[in-house]
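Enquirer: Have a look at this one before I ask anything.
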4 protein chains.
Amino acid sequence: MNQGLHEAAISAALTGELTETGHRLLARVYFADTDFTGVVYHARYLEFLERGRSDFLRLSGVHHSELADGSHGEKLAWVVRRMEIEFRRPARVDDIVAVETRVEDVSGARVFMDQELRHGEELLVSARVEAAIIGPSGKPRRMPAHWKNAFLRRSE
Amino acid sequence: MNQGLHEAAISAALTGELTETGHRLLARVYFADTDFTGVVYHARYLEFLERGRSDFLRLSGVHHSELADGSHGEKLAWVVRRMEIEFRRPARVDDIVAVETRVEDVSGARVFMDQELRHGEELLVSARVEAAIIGPSGKPRRMPAHWKNAFLRRSE
Amino acid sequence: MNQGLHEAAISAALTGELTETGHRLLARVYFADTDFTGVVYHARYLEFLERGRSDFLRLSGVHHSELADGSHGEKLAWVVRRMEIEFRRPARVDDIVAVETRVEDVSGARVFMDQELRHGEELLVSARVEAAIIGPSGKPRRMPAHWKNAFLRRSE
Amino acid sequence: MNQGLHEAAISAALTGELTETGHRLLARVYFADTDFTGVVYHARYLEFLERGRSDFLRLSGVHHSELADGSHGEKLAWVVRRMEIEFRRPARVDDIVAVETRVEDVSGARVFMDQELRHGEELLVSARVEAAIIGPSGKPRRMPAHWKNAFLRRSE
């Protein structure tokens, strides 16, 4: 495999890949993710889910650093408003897990996503996430139309 | 105040207090809890909630280290099965937040808790948490009757 | 114990106390601090140390939120430049640990602190920390004279 | 690029690669790694360093889950004994950083590693790490000879 293809594959691995229905990212479980019960600490699953959402946004052309630096007219931030999360089976150190993200709906200032964390075929965690874009005062901002299109294109 | 009372009072402050309806713990927000958007990172709120549940259990006579060392006949662990969480307003570095925990129901192997995170009178985060006790194989274990009583006593 | 003493103890527990040589803060070890080896994850000790430094600064009149909001003429931040840290013995879930912080020297833009984490009399972690105040561009800023005095007063 | 090469490249990206002098892993900075000062929180750099060491061990045939399950005769764990760490320049959200790890020396029960975190050519963090293998009682265990060889082979 030549160097260019190699770099492309590494980049794909670091950012995940757009799929027919959304986005898929592989990630490793390390020491830092676990707790003394021997498995991943429940709040750390939310970090894996955040990586999936961030990389889905990245591949859809939305960059957190751009939002923060005011390139969109004012300082914007992406925030989670609400989550329903089921912790079904535990992940363990050394596991490679897949984070699967799908946009279910975009409604005004809100985006609804479904996410799953899998180890092989096994479903570990499922989550329904409501996120929003907010301005400097914390007030919600309407999603730009081309983002809405980018998200939904994959989820029809 | 003599030194003994002082130490006792500090210990009480570290573990929070049983209230008429459950438990209340004060905690400080530090650098580590925040992210680059300037406020607390969403998954870190779950750590504050865990502290509230852990200290409520502690004051009800349930110790994580005892569960783990097999004092209850086998190695047990307390796990979160499901959460619904609303992130209403952000907490910021230096804030002192109150974590309020109430047991809503104990049903066989499952405990349902309602939790709130407040800054002064302001409600920041509310969560409905379903937790369970599991054995070494991951199978749920029925809650001992005296724990059930300890939890529910406060919530009637 | 009357209400005033109670409030004083809660405040002491949340912010720690100035001592003859510096500052002392008690803190609890929770699930989130541990890893699958059964003890505290090494990088989480740095969070306990940060809490000790932050509360020492707080009681010396330095607030992170003030630094960040520009009250000192420009947006300032407190950063760690260098650490030497020895992990001697582990802390475990449910432990109450003491974080002891002492300023060894203040030199221009840099502060050198010695920190220890103890469980009872047992020394768990010791660290030598070099910190600095930086401006918006990342350039170091000279420590205001009254902070220097506040830090060193306790360490002579 | 065919599917086999693609999978191989993803695996390389997730686990990093052995280099002439040690190991190199690429990793993304996410929300969870940052704090309110706008850059990566100092203790989170230690998590990036841990990933580098863990994957270097993995590619050298040492698996944390095997250590923990007693495959080596008793329950073993890999622990960090001492770190000297310099935080030179900050990493920011969305950055891809390289974690470079080199074994400097193996002496009885201790391994000395040099690690660097880079963003492009820029050196962000450098660390000297002393690690050890310990048994269930916390006592150090001599490094198996074939591990010693695996580590040092790359560092001569």
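Residues are named by chain letter and number: chains run A, B, ... in the order of the structure tokens, numbers start at 1 in each chain, and ligands are numbered from 1 in the order shown.
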Give me every alpha helix (DSSP H) residue in region 58-102 of chain D, going by DSSP on the backbone, as a PyMOL selection string.
Expert: chain D and resi 58-59+64-69
Enquirer: Can you tell me which residues surround Arg88 (chain A) at a distance of at most 9 Å, considering only C-alpha atoms, apart from same-chain residues fewer than 6 positions away, and format the answer as a list in words?
Expert: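 The residues that qualify are Leu123, Leu124, Val125 and Ser126 of chain A; Arg81 and Arg82 of chain B.
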Enquirer: What is the distance between CA of His119 (chain A) and CA of Leu49 (chain A), in Å to one decimal?
Expert: 13.8 Å
Enquirer: Cα-based RMSD, chain B fitted onto chain C, all atoms paired in sequence order: value?
Expert: 0.7 Å
Enquirer: Considering only strand (DSSP E or B) as DSSP defines it on the backbone, what residues of region 9-101 of chain B qualify? List them as a VMD selection string.
Expert: chain B and resid 17 to 18 23 to 28 34 40 77 to 87 96 to 101
Enquirer: Between CA of His72 (chain A) and CA of Val129 (chain A), what distance in Å does the model show, to one decimal?
Expert: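 These atoms are spaced 23.8 Å apart.
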Enquirer: Give me, as CSV, the closest atom pair and its distance (Å, one decimal) for every residue of chain C within a cut-off of 8 Å of chain B, counting only C-alpha atoms, rows sorted by chain and rising number.
Expert:
```
residue,atom,partner,partner_atom,distance
C:Leu5,CA,B:Met1,CA,7.7
C:His6,CA,B:Ala9,CA,6.8
C:Ala9,CA,B:Ile10,CA,5.3
C:Ile10,CA,B:Ala13,CA,5.0
C:Ala12,CA,B:Ile10,CA,6.8
C:Ala13,CA,B:Ile10,CA,5.0
C:Leu14,CA,B:Arg28,CA,6.7
C:Leu26,CA,B:Leu14,CA,7.9
C:Ala27,CA,B:Leu14,CA,7.1
C:Arg28,CA,B:Leu14,CA,7.0
C:Tyr30,CA,B:Arg51,CA,6.6
C:Phe31,CA,B:Glu50,CA,7.8
C:Ala32,CA,B:Glu47,CA,6.5
C:Glu47,CA,B:Ala32,CA,6.5
C:Glu50,CA,B:Phe31,CA,7.8
C:Arg51,CA,B:Tyr30,CA,6.6
C:Ser54,CA,B:Tyr30,CA,7.7
C:His63,CA,B:Asp94,CA,7.6
C:His64,CA,B:Asp94,CA,7.1
C:Ser65,CA,B:Val93,CA,6.5
C:Val93,CA,B:Ser65,CA,6.5
C:Asp94,CA,B:Ser65,CA,6.8
```
Enquirer: As a list of chain:residue names, please: the residues near Lys148 (chain C) (cut-off 10 Å, only C-alpha atoms, same-chain neighbours under 4 positions excluded).
Expert: C:Ser60, C:Val103, C:Asp105, C:Val106, C:Ser107, C:Gly108, C:Val111, C:Arg142, C:Met143, C:Pro144, C:Leu152, C:Arg153
Enquirer: Set the distance at 8 Å and use only C-alpha atoms: which residues neighbour Ala132 (chain D) once local chain neighbours fewer than 6 positions away are removed? I'd like the list as a CSV table (one decimal) with N, CA and C atoms, in the first residue's frame.
Expert:
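See out-v1.csv below for the written result:
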```
chain,number,residue,atom,x,y,z
D,78,TRP,N,0.2,-3.1,35.5
D,78,TRP,CA,1.2,-2.2,35.0
D,78,TRP,C,0.9,-0.8,35.7
D,79,VAL,N,1.9,-0.3,36.4
D,79,VAL,CA,1.7,0.9,37.2
D,79,VAL,C,2.7,2.0,36.8
D,80,VAL,N,2.3,3.2,36.9
D,80,VAL,CA,3.3,4.3,36.7
D,80,VAL,C,3.8,4.7,38.1
D,81,ARG,N,5.1,4.7,38.3
D,81,ARG,CA,5.8,5.0,39.6
D,81,ARG,C,6.1,6.5,39.7
D,109,ALA,N,12.7,-4.6,37.8
D,109,ALA,CA,11.2,-4.5,37.8
D,109,ALA,C,10.8,-3.2,37.1
D,110,ARG,N,11.7,-2.3,36.7
D,110,ARG,CA,11.3,-1.0,36.3
D,110,ARG,C,11.6,-0.7,34.8
D,111,VAL,N,10.7,0.0,34.1
D,111,VAL,CA,10.9,0.4,32.7
D,111,VAL,C,10.9,1.9,32.7
D,140,PRO,N,6.6,-5.2,43.5
D,140,PRO,CA,7.1,-5.2,42.1
D,140,PRO,C,7.5,-6.6,41.6
D,141,ARG,N,7.3,-6.9,40.4
D,141,ARG,CA,7.6,-8.2,39.7
D,141,ARG,C,8.6,-7.9,38.6
```
Enquirer: For each of C:Leu67, C:Ile85, C:Phe56, C:Thr34, take the minimum atom-to-atom distance to Ile133 (chain C), counting only C-alpha atoms, then give the residue where this is smallest.
Expert: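 Distance minimum relative to Ile133 (chain C) lands on C:Leu67.
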Enquirer: Between CA of Val40 (chain D) and CA of Ala127 (chain C), what is the spacing in Å?
Expert: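 These atoms are spaced 20.5 Å apart.
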Enquirer: Given only C-alpha atoms as the basis, pick out the residue of D:Arg53, D:Leu76, D:Glu100, D:Thr37 nearest to Ile134 (chain C).
Expert: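 For Ile134 (chain C), the nearest of the candidates is D:Thr37.
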